[in-house]
Amino acid sequence: MKTLFRFLALTLAAALLTVGAAADTRRPLPAPLQFDINQSVIKQPLADGVSADDAIEAMKSKAIALNMKFVAHQPLSQELQARGIKSGRLEIFQFCNPMDAYEMVKFNPVFAAYMPCRIALVEDQEGKTWLMMLNLDMVIDNTPLTPEVKAIAARVNTTLKTILEAAAAGEF
């Protein structure tokens, strides 16, 4: 019996050494995929003659017309200036349709991290003002969704793009 146990122990030790040696000859894991961060957003400049204030009013007006509730505003550039930091205009506007949010989170709670939907107004270093939002097409096209949830996500995405485009054009 002792001989059998010794044999099994030696066989197991040899197998472990072989696996360890084989592991040492494997190729290293590839680096994680990288992507261009600019592809993760939709970015649109304000049209000539459209002020940031005009764009903001158009954005709020279009959101109301499309049943998206304006839920928050973060005037970050004002806070930066209050701290003595010179900054171009930087504001974030948040919108939500509560029923759409409920359905998305019911499907997968991870979607709460994408809410509320945001559109940023950003003045760049050259003084040009842009509107930006997440490119939700990337999420929609690369996530397994039921047809119902995919329809909600596509509708929200289209609504946000419509709000962004109306704001950029100054369309009230």
# chains A, B, ... in the order shown; residues from 1 in each chain; ligands from 1
$ residues_around --residues "segment 68-82 of chain A" --least-positions-apart "4" --cutoff "8 Å" --atoms "only C-alpha atoms" --output "PDB file with C-alpha atoms, in the first residue's frame"
ATOM      1  CA  LYS A  60     -33.617  72.353 -22.722  1.00  0.00           C
ATOM      2  CA  ALA A  63     -35.545  67.899 -24.339  1.00  0.00           C
ATOM      3  CA  ILE A  64     -38.975  68.983 -23.104  1.00  0.00           C
ATOM      4  CA  LYS A  86      -9.065  80.192 -15.446  1.00  0.00           C
ATOM      5  CA  SER A  87     -11.242  77.921 -17.538  1.00  0.00           C
ATOM      6  CA  GLY A  88     -13.258  77.987 -20.708  1.00  0.00           C
ATOM      7  CA  ARG A  89     -16.913  77.225 -20.360  1.00  0.00           C
ATOM      8  CA  LEU A  90     -17.518  73.704 -19.059  1.00  0.00           C
ATOM      9  CA  GLU A  91     -21.039  72.598 -18.167  1.00  0.00           C
ATOM     10  CA  ILE A  92     -22.744  69.234 -17.958  1.00  0.00           C
ATOM     11  CA  PHE A  93     -26.465  68.794 -18.540  1.00  0.00           C
ATOM     12  CA  GLN A  94     -28.281  65.651 -17.480  1.00  0.00           C
ATOM     13  CA  PHE A  95     -31.517  64.278 -18.910  1.00  0.00           C
ATOM     14  CA  CYS A  96     -33.664  61.254 -18.101  1.00  0.00           C
ATOM     15  CA  ASN A  97     -36.868  59.505 -19.035  1.00  0.00           C
ATOM     16  CA  PRO A 116     -28.706  60.056 -16.302  1.00  0.00           C
TER      17      PRO A 116
END
$ residues_around --residues "Ala169 of chain A" --least-positions-apart "3" --cutoff "8 Å" --atoms "only C-alpha atoms" --output "PyMOL selection string"
chain A and resi 46-47+50+55+165-166
$ atom_distance --atom1 "atom CA of Ala58 of chain A" --atom2 "atom CA of Lys150 of chain A"
27.7 Å
$ atom_distance --atom1 "atom CA of Ile119 of chain A" --atom2 "atom CA of Ile140 of chain A"
17.9 Å
$ atom_distance --atom1 "atom CA of Ala168 of chain A" --atom2 "atom CA of Val41 of chain A"
15.3 Å
$ residues_around --residues "segment 154-161 of chain A" --least-positions-apart "2" --cutoff "8 Å" --atoms "only C-alpha atoms" --output "PDB file with C-alpha atoms, in the first residue's frame"
ATOM      1  CA  LEU A  66     -38.998  64.949 -26.691  1.00  0.00           C
ATOM      2  CA  ASP A 100     -36.776  54.136 -19.889  1.00  0.00           C
ATOM      3  CA  CYS A 117     -27.869  60.787 -19.919  1.00  0.00           C
ATOM      4  CA  LEU A 136     -24.183  54.974 -27.186  1.00  0.00           C
ATOM      5  CA  ASP A 137     -24.037  53.180 -30.547  1.00  0.00           C
ATOM      6  CA  ILE A 140     -25.931  49.211 -28.118  1.00  0.00           C
ATOM      7  CA  LYS A 150     -32.468  47.414 -27.619  1.00  0.00           C
ATOM      8  CA  ALA A 151     -35.444  49.464 -28.880  1.00  0.00           C
ATOM      9  CA  ILE A 152     -35.427  51.566 -25.687  1.00  0.00           C
ATOM     10  CA  ILE A 163     -31.226  67.251 -28.518  1.00  0.00           C
ATOM     11  CA  LEU A 164     -27.501  67.696 -29.199  1.00  0.00           C
ATOM     12  CA  GLU A 165     -28.059  68.588 -32.865  1.00  0.00           C
TER      13      GLU A 165
END
$ closest_residue --among "A:Lys106, A:Arg118, A:Arg26, A:Lys128" --to "Ala52 of chain A" --atoms "only C-alpha atoms"
A:Lys128
$ closest_residue --among "A:Leu121, A:Met132, A:Ile85, A:Ile56" --to "Asn38 of chain A" --atoms "only C-alpha atoms"
A:Met132
$ select_by_dssp --residues "segment 38-143 of chain A" --states "alpha helix (DSSP H)" --output "ChimeraX atom specification"
/A:52-65,76-82,98-107,136-141
$ residues_around --residues "Ser61 of chain A" --least-positions-apart "4" --cutoff "7 Å" --atoms "only C-alpha atoms" --output "PyMOL selection string"
chain A and resi 57+65+172
$ write_last_selection --atoms "C-alpha atoms" --output "PDB file, in the first residue's frame"
ATOM      1  CA  GLU A  57     -31.836  77.081 -24.139  1.00  0.00           C
ATOM      2  CA  ALA A  65     -40.448  68.483 -26.575  1.00  0.00           C
ATOM      3  CA  PHE A 172     -35.600  76.297 -30.243  1.00  0.00           C
TER       4      PHE A 172
END
